[in-house]
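Colleague: So I've got this file, my_file-v4.cif, and it contains mmCIF, C-alpha atoms:
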```
data_input
loop_
_atom_site.label_atom_id
_atom_site.label_comp_id
_atom_site.auth_asym_id
_atom_site.auth_seq_id
_atom_site.Cartn_x
_atom_site.Cartn_y
_atom_site.Cartn_z
CA MET X 1 -41.05 -18.33 -3.44
CA LYS X 2 -43.48 -19.61 -0.84
CA LYS X 3 -41.14 -18.29 1.83
CA ILE X 4 -41.08 -14.83 0.32
CA LEU X 5 -44.87 -14.77 0.11
CA THR X 6 -45.12 -15.76 3.75
CA ILE X 7 -42.74 -12.98 4.70
CA LEU X 8 -44.71 -10.45 2.69
CA ALA X 9 -47.95 -11.59 4.26
CA ALA X 10 -46.42 -11.31 7.69
CA LEU X 11 -45.23 -7.80 6.89
CA GLY X 12 -48.72 -6.77 5.87
CA VAL X 13 -50.10 -7.80 9.22
CA ALA X 14 -47.26 -7.05 11.57
CA GLY X 15 -45.59 -4.21 9.68
CA SER X 16 -47.11 -1.41 11.67
CA PHE X 17 -44.80 1.45 12.53
CA ALA X 18 -44.91 3.00 15.93
CA PHE X 19 -43.10 6.13 14.78
CA PRO X 20 -44.91 9.43 14.39
CA ALA X 21 -44.74 10.90 10.91
CA PHE X 22 -43.66 14.36 12.05
CA ALA X 23 -41.26 14.78 14.89
CA ASP X 24 -38.11 16.73 15.48
CA PRO X 25 -34.78 14.88 15.01
CA GLN X 26 -34.11 14.72 18.74
CA THR X 27 -37.39 12.91 19.40
CA ASP X 28 -36.72 10.62 16.42
CA LEU X 29 -33.32 9.76 17.84
CA LYS X 30 -34.73 8.93 21.26
CA GLU X 31 -37.45 6.73 19.80
CA PHE X 32 -35.16 5.01 17.32
CA GLN X 33 -32.50 4.12 19.88
CA GLY X 34 -35.18 3.36 22.46
CA TYR X 35 -36.75 0.84 20.12
CA PHE X 36 -33.55 -1.21 19.92
CA LYS X 37 -32.77 -0.82 23.61
CA LYS X 38 -36.20 -2.27 24.34
CA LYS X 39 -35.91 -4.97 21.69
CA TYR X 40 -32.46 -6.06 22.91
CA PRO X 41 -32.30 -5.34 26.64
CA THR X 42 -29.22 -7.58 27.06
CA VAL X 43 -27.13 -5.86 24.36
CA LYS X 44 -24.97 -2.99 25.61
CA PHE X 45 -25.42 0.27 23.71
CA ASP X 46 -21.82 0.44 22.43
CA GLU X 47 -22.12 -3.11 21.08
CA PHE X 48 -24.53 -1.92 18.38
CA SER X 49 -21.47 -0.50 16.62
CA ASN X 50 -20.56 -4.07 15.72
CA GLY X 51 -23.58 -4.40 13.48
CA LEU X 52 -25.36 -7.72 13.26
CA TYR X 53 -22.69 -9.40 15.42
CA ALA X 54 -24.08 -7.53 18.41
CA LEU X 55 -27.45 -9.28 18.16
CA PRO X 56 -27.98 -12.42 20.25
CA GLU X 57 -29.58 -14.20 17.27
CA TYR X 58 -26.24 -14.22 15.47
CA ALA X 59 -24.01 -15.75 18.14
CA ALA X 60 -22.62 -18.23 15.60
CA GLN X 61 -21.75 -15.48 13.11
CA ARG X 62 -20.17 -13.51 15.93
CA GLU X 63 -17.83 -16.38 16.76
CA GLN X 64 -16.68 -16.59 13.15
CA TRP X 65 -16.29 -12.83 13.06
CA ILE X 66 -14.15 -12.77 16.21
CA ALA X 67 -11.94 -15.47 14.69
CA ALA X 68 -11.62 -13.42 11.51
CA MET X 69 -10.56 -10.42 13.61
CA ASP X 70 -7.31 -12.27 14.51
CA PHE X 71 -6.00 -11.15 11.15
CA PRO X 72 -8.80 -9.26 9.43
CA ALA X 73 -8.65 -9.34 5.65
CA TYR X 74 -9.25 -5.58 5.45
CA GLU X 75 -5.69 -5.05 6.71
CA LEU X 76 -4.44 -5.62 3.16
CA GLY X 77 -6.57 -2.75 1.84
CA LEU X 78 -5.91 -0.64 4.91
CA THR X 79 -2.13 -0.96 4.40
CA LYS X 80 -2.55 0.36 0.86
CA GLY X 81 -4.76 3.18 2.14
CA THR X 82 -2.22 4.13 4.80
CA ALA X 83 0.53 4.32 2.17
CA LEU X 84 -1.58 6.63 0.00
CA TRP X 85 -2.53 8.77 3.00
CA ASN X 86 1.10 9.24 4.04
CA LYS X 87 2.40 9.94 0.54
CA LYS X 88 2.95 13.65 -0.01
CA PHE X 89 1.35 15.51 -2.90
CA PRO X 90 3.74 17.01 -5.51
CA ASN X 91 3.47 20.42 -3.78
CA GLY X 92 4.66 18.98 -0.46
CA GLU X 93 1.26 19.00 1.22
CA SER X 94 -0.43 15.84 2.48
CA PHE X 95 -3.80 14.54 3.65
CA ALA X 96 -2.60 14.86 7.23
CA ASN X 97 -1.94 18.58 6.66
CA CYS X 98 -5.51 18.97 5.37
CA VAL X 99 -6.74 17.53 8.66
CA LYS X 100 -4.49 19.93 10.59
CA LYS X 101 -5.73 22.92 8.60
CA GLY X 102 -9.35 21.90 8.97
CA ALA X 103 -10.08 21.14 5.32
CA ILE X 104 -10.83 17.60 6.49
CA LYS X 105 -12.78 17.56 9.75
CA PRO X 106 -12.62 14.80 12.39
CA ALA X 107 -14.23 11.58 11.13
CA TYR X 108 -16.92 11.44 13.79
CA THR X 109 -18.41 14.79 12.69
CA TYR X 110 -19.39 13.50 9.26
CA PRO X 111 -21.77 13.97 7.50
CA ARG X 112 -21.42 17.70 8.15
CA TRP X 113 -23.33 20.64 6.78
CA ASP X 114 -21.31 23.12 4.76
CA LYS X 115 -22.85 26.55 5.24
CA ALA X 116 -21.03 28.16 2.30
CA THR X 117 -22.31 25.72 -0.30
CA LYS X 118 -25.49 24.79 1.61
CA SER X 119 -24.84 21.11 1.12
CA LEU X 120 -24.00 17.95 3.02
CA ARG X 121 -20.39 16.77 3.01
CA VAL X 122 -19.13 13.28 3.76
CA ALA X 123 -15.52 12.33 4.51
CA GLU X 124 -14.83 11.00 1.01
CA MET X 125 -15.85 14.32 -0.58
CA ASP X 126 -13.52 16.34 1.65
CA ILE X 127 -10.69 13.86 1.03
CA MET X 128 -11.15 14.20 -2.72
CA ASP X 129 -11.32 18.00 -2.51
CA CYS X 130 -8.17 18.09 -0.40
CA ALA X 131 -6.29 16.11 -3.04
CA LYS X 132 -7.70 18.23 -5.85
CA ALA X 133 -6.88 21.52 -4.11
CA ASN X 134 -3.26 20.38 -3.81
CA ASN X 135 -3.00 19.31 -7.45
CA ALA X 136 -2.53 15.64 -6.65
CA ASP X 137 -1.54 13.40 -9.51
CA PRO X 138 -4.76 11.88 -10.91
CA LYS X 139 -2.74 8.94 -12.19
CA ALA X 140 -1.65 8.01 -8.68
CA LEU X 141 -5.05 8.75 -7.12
CA THR X 142 -7.34 7.37 -9.83
CA PHE X 143 -10.52 8.12 -7.86
CA LEU X 144 -10.12 11.84 -8.55
CA THR X 145 -11.20 11.53 -12.16
CA ALA X 146 -12.86 8.11 -12.45
CA ASP X 147 -16.59 7.41 -12.47
CA LEU X 148 -17.02 5.98 -8.98
CA ASN X 149 -20.26 4.23 -9.89
CA LYS X 150 -18.54 2.05 -12.47
CA ASP X 151 -14.82 2.01 -11.78
CA THR X 152 -14.38 -0.54 -8.98
CA LYS X 153 -10.60 -0.11 -8.73
CA ALA X 154 -10.80 3.65 -8.28
CA ARG X 155 -13.67 3.38 -5.81
CA VAL X 156 -11.84 0.80 -3.71
CA GLN X 157 -8.78 3.07 -3.66
CA LEU X 158 -10.93 5.91 -2.31
CA ALA X 159 -12.48 3.55 0.24
CA GLU X 160 -9.02 2.42 1.35
CA VAL X 161 -7.79 5.98 1.92
CA THR X 162 -11.02 6.81 3.77
CA ALA X 163 -10.66 3.62 5.81
CA HIS X 164 -7.26 4.81 7.02
CA PHE X 165 -8.74 8.21 7.87
CA TYR X 166 -11.52 6.56 9.90
CA SER X 167 -9.06 4.22 11.62
CA LEU X 168 -7.44 7.31 13.17
CA TYR X 169 -10.71 8.04 14.97
CA ARG X 170 -11.60 4.53 16.10
CA GLY X 171 -13.63 4.54 19.30
CA LYS X 172 -14.61 8.21 19.01
CA ARG X 173 -18.33 8.76 19.35
CA VAL X 174 -20.46 9.69 16.36
CA LYS X 175 -21.72 13.26 16.42
CA PRO X 176 -22.70 14.66 13.00
CA ASP X 177 -21.85 18.36 12.70
CA VAL X 178 -25.31 19.60 11.72
CA ASP X 179 -27.57 22.25 13.18
CA PHE X 180 -31.23 21.34 12.89
CA ASN X 181 -32.28 24.93 13.52
CA ASP X 182 -31.23 25.55 9.93
CA LYS X 183 -34.22 24.94 7.66
CA ASP X 184 -32.12 23.45 4.86
CA VAL X 185 -30.49 20.96 7.21
CA LEU X 186 -33.85 19.88 8.52
CA ALA X 187 -35.12 19.44 4.96
CA ALA X 188 -32.14 17.20 4.14
CA TYR X 189 -32.77 15.19 7.29
CA GLU X 190 -36.49 14.78 6.52
CA ASN X 191 -35.61 13.67 3.00
CA GLY X 192 -33.24 11.00 4.31
CA LYS X 193 -35.82 9.90 6.85
CA LYS X 194 -38.39 9.60 4.10
CA HIS X 195 -36.04 7.39 2.11
CA TRP X 196 -35.57 5.09 5.11
CA TRP X 197 -39.24 4.75 5.84
CA SER X 198 -40.83 4.62 2.40
CA ARG X 199 -41.38 1.48 0.35
CA ARG X 200 -39.37 1.12 -2.83
CA GLY X 201 -38.55 -1.28 -5.62
CA GLN X 202 -40.47 -4.25 -6.97
CA LEU X 203 -40.30 -6.03 -3.62
CA ASN X 204 -41.90 -3.01 -1.98
CA PHE X 205 -39.54 -2.96 0.98
CA ALA X 206 -38.55 0.08 2.98
CA CYS X 207 -35.20 0.12 4.81
CA ALA X 208 -37.32 0.07 7.96
CA HIS X 209 -38.95 -3.26 7.10
CA CYS X 210 -35.74 -5.24 7.26
CA HIS X 211 -33.63 -3.22 9.68
CA LEU X 212 -36.15 -2.43 12.39
CA ASP X 213 -38.95 -4.98 12.83
CA LEU X 214 -37.12 -7.83 11.13
CA ALA X 215 -33.62 -7.10 12.48
CA GLY X 216 -32.21 -10.30 13.91
CA LYS X 217 -34.16 -12.48 11.51
CA ASP X 218 -33.01 -14.03 8.25
CA LEU X 219 -34.30 -13.02 4.85
CA GLY X 220 -33.51 -15.81 2.43
CA ASN X 221 -30.24 -16.92 3.98
CA GLN X 222 -29.07 -13.38 4.71
CA PRO X 223 -28.99 -12.10 8.30
CA LEU X 224 -30.60 -8.69 8.81
CA SER X 225 -28.71 -6.10 10.86
CA ALA X 226 -30.22 -3.56 13.21
CA GLY X 227 -30.62 -0.04 11.82
CA LEU X 228 -28.82 1.28 14.89
CA GLY X 229 -25.08 1.30 14.16
CA HIS X 230 -25.39 0.97 10.41
CA THR X 231 -22.86 3.64 9.54
CA THR X 232 -20.23 3.21 12.25
CA ALA X 233 -18.26 0.47 10.47
CA TRP X 234 -17.94 2.04 7.04
CA PRO X 235 -15.80 1.97 4.92
CA ALA X 236 -15.98 -1.77 5.65
CA GLN X 237 -14.99 -5.03 4.02
CA ARG X 238 -17.67 -7.64 3.42
CA TYR X 239 -16.70 -11.31 3.26
CA SER X 240 -18.53 -11.66 -0.05
CA TRP X 241 -16.87 -8.64 -1.61
CA ALA X 242 -13.33 -9.30 -0.35
CA ARG X 243 -12.40 -5.61 -0.64
CA ILE X 244 -12.97 -2.39 1.30
CA GLU X 245 -15.93 -0.48 -0.12
CA THR X 246 -17.70 2.82 0.38
CA ILE X 247 -21.02 3.10 2.20
CA MET X 248 -22.52 4.49 -1.00
CA LYS X 249 -21.80 1.17 -2.72
CA ARG X 250 -23.57 -0.58 0.15
CA TYR X 251 -26.65 1.62 -0.28
CA GLU X 252 -26.54 0.89 -3.99
CA THR X 253 -26.57 -2.89 -3.48
CA CYS X 254 -29.21 -2.64 -0.76
CA ASN X 255 -31.47 -0.73 -3.12
CA SER X 256 -30.93 -3.07 -6.05
CA GLN X 257 -31.65 -6.07 -3.82
CA VAL X 258 -35.19 -4.80 -3.34
CA ARG X 259 -35.28 -4.36 -7.14
CA ASP X 260 -35.06 -0.59 -6.96
CA LYS X 261 -33.04 1.58 -9.31
CA PRO X 262 -29.93 2.48 -7.31
CA ASP X 263 -28.83 6.09 -7.02
CA LYS X 264 -25.39 7.47 -7.83
CA HIS X 265 -22.44 7.99 -5.49
CA TYR X 266 -22.85 11.17 -3.42
CA SER X 267 -26.26 11.93 -4.91
CA PRO X 268 -28.37 14.14 -2.59
CA THR X 269 -30.67 11.19 -1.86
CA TYR X 270 -27.87 8.99 -0.54
CA LEU X 271 -26.19 11.86 1.29
CA ASN X 272 -29.46 12.62 3.07
CA LEU X 273 -29.90 8.93 3.84
CA GLN X 274 -26.40 8.78 5.27
CA LEU X 275 -27.17 11.81 7.43
CA TYR X 276 -30.35 10.18 8.75
CA GLU X 277 -28.66 6.84 9.45
CA THR X 278 -25.58 8.45 11.02
CA TYR X 279 -27.68 10.73 13.17
CA MET X 280 -29.72 7.75 14.36
CA SER X 281 -26.39 6.16 15.43
CA SER X 282 -25.32 9.26 17.39
CA GLY X 283 -23.25 8.42 20.45
CA LEU X 284 -21.98 5.07 19.18
CA PRO X 285 -18.20 4.58 18.88
CA LEU X 286 -16.68 4.40 15.38
CA THR X 287 -15.38 0.93 14.45
CA ALA X 288 -14.37 1.51 10.83
CA PRO X 289 -12.84 -0.23 9.04
CA ALA X 290 -14.46 -3.52 10.02
CA MET X 291 -15.43 -6.91 8.66
CA ARG X 292 -19.08 -7.36 7.76
CA ASN X 293 -21.24 -10.21 6.49
CA MET R 1 4.44 -7.35 -5.97
CA ALA R 2 1.51 -8.61 -4.08
CA LEU R 3 1.28 -7.44 -0.50
CA THR R 4 2.20 -10.00 2.19
CA LYS R 5 1.53 -9.41 5.88
CA ILE R 6 2.75 -11.39 8.89
CA LYS R 7 1.56 -11.50 12.50
CA THR R 8 2.81 -13.61 15.39
CA ARG R 9 1.23 -14.34 18.74
CA PRO R 10 1.59 -16.83 21.58
CA LYS R 11 -0.94 -19.64 21.57
CA ASP R 12 -1.15 -22.62 23.98
CA GLY R 13 2.55 -22.39 24.84
CA ASN R 14 3.57 -22.25 21.18
CA THR R 15 3.94 -19.37 18.80
CA GLU R 16 1.42 -18.95 16.03
CA ILE R 17 2.59 -17.37 12.80
CA LEU R 18 -0.18 -15.93 10.64
CA VAL R 19 0.46 -15.01 7.01
CA LEU R 20 -1.98 -13.00 4.90
CA VAL R 21 -1.28 -12.67 1.17
CA ASN R 22 -3.07 -10.36 -1.24
CA HIS R 23 -3.50 -12.74 -4.16
CA PRO R 24 -6.40 -13.38 -6.60
CA MET R 25 -6.12 -17.22 -6.36
CA GLU R 26 -7.85 -17.56 -9.71
CA THR R 27 -8.87 -21.16 -10.48
CA GLY R 28 -8.92 -20.97 -14.26
CA GLN R 29 -12.49 -22.24 -14.25
CA ARG R 30 -14.25 -18.90 -14.06
CA GLU R 31 -15.52 -17.14 -17.13
CA ASP R 32 -15.36 -13.45 -17.86
CA LYS R 33 -19.01 -12.45 -18.12
CA LYS R 34 -18.40 -9.89 -20.85
CA THR R 35 -15.90 -11.60 -23.13
CA LYS R 36 -17.08 -15.18 -22.40
CA LYS R 37 -13.46 -16.23 -22.14
CA LYS R 38 -11.94 -18.24 -19.34
CA ILE R 39 -10.00 -16.19 -16.81
CA PRO R 40 -6.51 -17.75 -16.77
CA ALA R 41 -5.49 -19.61 -13.62
CA HIS R 42 -3.37 -17.62 -11.21
CA PHE R 43 -2.71 -19.14 -7.82
CA ILE R 44 0.00 -19.63 -5.22
CA GLN R 45 1.68 -23.03 -5.55
CA ASN R 46 4.17 -22.93 -2.76
CA LEU R 47 4.53 -20.94 0.41
CA SER R 48 7.32 -21.47 2.90
CA ILE R 49 7.83 -20.07 6.37
CA ASP R 50 11.36 -19.84 7.77
CA LEU R 51 12.27 -19.24 11.40
CA ASN R 52 15.85 -18.01 11.87
CA GLY R 53 16.78 -19.38 8.46
CA LYS R 54 15.34 -22.84 9.07
CA THR R 55 12.20 -23.84 7.18
CA VAL R 56 9.44 -24.66 9.66
CA ALA R 57 6.56 -24.97 7.20
CA ASN R 58 6.38 -25.67 3.51
CA VAL R 59 2.87 -25.38 2.13
CA ASP R 60 1.78 -26.73 -1.26
CA MET R 61 -1.30 -24.77 -2.18
CA GLY R 62 -3.79 -25.10 -5.00
CA VAL R 63 -6.86 -23.57 -6.54
CA ALA R 64 -9.12 -24.70 -3.69
CA VAL R 65 -7.66 -22.04 -1.41
CA SER R 66 -9.60 -18.78 -1.25
CA LYS R 67 -8.68 -15.35 -2.56
CA ASP R 68 -6.36 -13.39 -0.21
CA PRO R 69 -5.42 -16.56 1.69
CA LEU R 70 -4.59 -16.66 5.38
CA VAL R 71 -2.12 -19.36 6.43
CA ALA R 72 -1.51 -19.96 10.13
CA VAL R 73 0.98 -22.40 11.66
CA ALA R 74 1.90 -23.06 15.27
CA VAL R 75 5.64 -23.30 15.93
CA LYS R 76 7.32 -24.78 19.00
CA GLY R 77 10.16 -23.07 20.78
CA ALA R 78 10.15 -19.73 19.01
CA LYS R 79 11.51 -16.88 21.12
CA LYS R 80 10.93 -13.15 21.15
CA GLY R 81 13.11 -11.49 18.53
CA ASP R 82 13.34 -14.57 16.29
CA LYS R 83 13.28 -13.75 12.60
CA VAL R 84 10.38 -14.95 10.46
CA LYS R 85 10.74 -15.02 6.71
CA VAL R 86 7.88 -15.90 4.37
CA SER R 87 8.26 -16.48 0.65
CA TRP R 88 5.80 -17.76 -1.91
CA SER R 89 5.65 -18.42 -5.62
CA ASP R 90 2.69 -18.83 -7.95
CA ASN R 91 1.98 -20.64 -11.21
CA LYS R 92 2.83 -17.55 -13.27
CA GLY R 93 6.30 -17.44 -11.77
CA GLU R 94 5.56 -14.44 -9.59
CA LYS R 95 7.28 -14.41 -6.24
CA GLY R 96 6.58 -12.56 -3.04
CA GLY R 97 7.28 -12.56 0.65
CA ALA R 98 7.88 -10.57 3.77
CA ASP R 99 9.96 -10.52 6.94
CA ALA R 100 8.90 -10.08 10.52
CA VAL R 101 10.15 -10.50 14.06
CA VAL R 102 8.44 -12.66 16.66
CA GLY R 103 6.88 -10.24 19.14
#
```
Could you render the structure from this file as structure tokens?

Modeller:
Amino acid sequence: MKKILTILAALGVAGSFAFPAFADPQTDLKEFQGYFKKKYPTVKFDEFSNGLYALPEYAAQREQWIAAMDFPAYELGLTKGTALWNKKFPNGESFANCVKKGAIKPAYTYPRWDKATKSLRVAEMDIMDCAKANNADPKALTFLTADLNKDTKARVQLAEVTAHFYSLYRGKRVKPDVDFNDKDVLAAYENGKKHWWSRRGQLNFACAHCHLDLAGKDLGNQPLSAGLGHTTAWPAQRYSWARIETIMKRYETCNSQVRDKPDKHYSPTYLNLQLYETYMSSGLPLTAPAMRN
Amino acid sequence: MALTKIKTRPKDGNTEILVLVNHPMETGQREDKKTKKKIPAHFIQNLSIDLNGKTVANVDMGVAVSKDPLVAVAVKGAKKGDKVKVSWSDNKGEKGGADAVVG
């Protein structure tokens, strides 16, 4: 308790943000990435894709992580995802055909803005729509009908399929397919940015508190990752979860850890947040699926 | 059947065989939070690794081993193309295994 109070006190004094409140996304991006480049001059830019293992403070964790990469535990889930991806739908179509026809876009372009529906789309949504459009069997792909917020099995299945999809684009550089000249896109971006920077929950933490100023430090006994490169590894497997999960689930747990009411899967709030975080990681190579603390 | 994956690689002049099994490794001590009942034990008891039909490792495992266990053994004198066969059995009588070739 004393430790938490000390941290809170420190935040009150040192928690000043250097970022301007209103700036265009391009300036935001430069400042955001510049902050980490300045904070970690020895870390190569591409290394930030490896999350907290890129930071010099976590050299010990990195060693364990490299050892785990000999035979990463996510390979079990990934094998299941690959099998589902390759299995044809009853009408003869497959996920791979959806990619060919453009119903599923390349992984590095997500989240993308859909002009027709004026909404943000993430890879999981397009994967689900592809299966639905081809009348896939909802018994085989349980995530099509299940409540993803509650049904762990169905959600993990979706994460596994998405993990295979992302594995096809490993090393490709993140470039969200959004046009900030569009007013609606900019509004979504600003909304996500607001979520990242505003305090929430009983603990009164913003995402920025832990993943900017305090990145590289421990909170309780948990290491804090840098905000740069947050999205590149997802869907990922955490040691403590022992299964591949969606990034939405990660946002959910992050929010509930600061005693905030978590939002639902693919709610506009989380989609906007994912857009902001992904855009801030523009130019980094994709590493999903990966092992995470 | 639970998924079993095998990898081989050279290490310090020997060959290392790594086996990853998708298994809950339930201890029987945990309680279901909702029903307040003990979750029945379910764990791998024996895992054996054969190289060209000859057993090179026979592992007796128990509840102390983690979920989705990874077992790695170093074997002397294995050559490229040698056949690896892994089989395991758990306390519920379930069996599993996989085959691979030393690469």

Colleague: When the cut-off is 9 Å and we count only C-alpha atoms, which residues of chain R are near chain X, given as a compact mmCIF listing (two decimals) with C-alpha atoms, keeping the file's coordinate frame?

Modeller:
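Result file is part_28.txt:
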```
# COMPACT_ATOMS: atom_id res chain seq x y z
CA LEU R 3 1.28 -7.44 -0.50
CA THR R 4 2.20 -10.00 2.19
CA LYS R 5 1.53 -9.41 5.88
CA LYS R 7 1.56 -11.50 12.50
CA LEU R 18 -0.18 -15.93 10.64
CA VAL R 19 0.46 -15.01 7.01
CA LEU R 20 -1.98 -13.00 4.90
CA VAL R 21 -1.28 -12.67 1.17
CA ASN R 22 -3.07 -10.36 -1.24
CA LYS R 67 -8.68 -15.35 -2.56
CA ASP R 68 -6.36 -13.39 -0.21
CA PRO R 69 -5.42 -16.56 1.69
CA LEU R 70 -4.59 -16.66 5.38
```

Colleague: Under the PyMOL selection byres ((chain R and resi 43) around 8), which residues of this model are included? Write them out as a ChimeraX atom specification.

Modeller: /R:23-27,41-42,44-45,62-63,90-92

Colleague: May I ask for the distance between CA of Pro90 (chain X) and CA of Cys130 (chain X), given in Å to one decimal place?

Modeller: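 Going from CA of Pro90 (chain X) over to CA of Cys130 (chain X) covers 13.0 Å.
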
Colleague: Mind giving me the straight-line distance from CA of Val56 (chain R) to CA of Asp99 (chain R) in Å, one decimal?

Modeller: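 Between these atoms lies a distance of 14.4 Å.
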
Colleague: So which residues touch Tyr35 (chain X) within 10 Å, counting only C-alpha atoms, skipping near sequence neighbours fewer than 3 positions away, as a list in words?

Modeller: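 Neighbouring residues, sequence-local ones excluded: Ala18, Phe19, Leu29, Lys30, Glu31, Phe32, Lys38, Lys39, Tyr40, Leu212, Asp213 and Leu228 of chain X.
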
Colleague: What does the distance between CA of Asp218 (chain X) and CA of Leu52 (chain X) come to in Å, to one decimal place?

Modeller: 11.1 Å
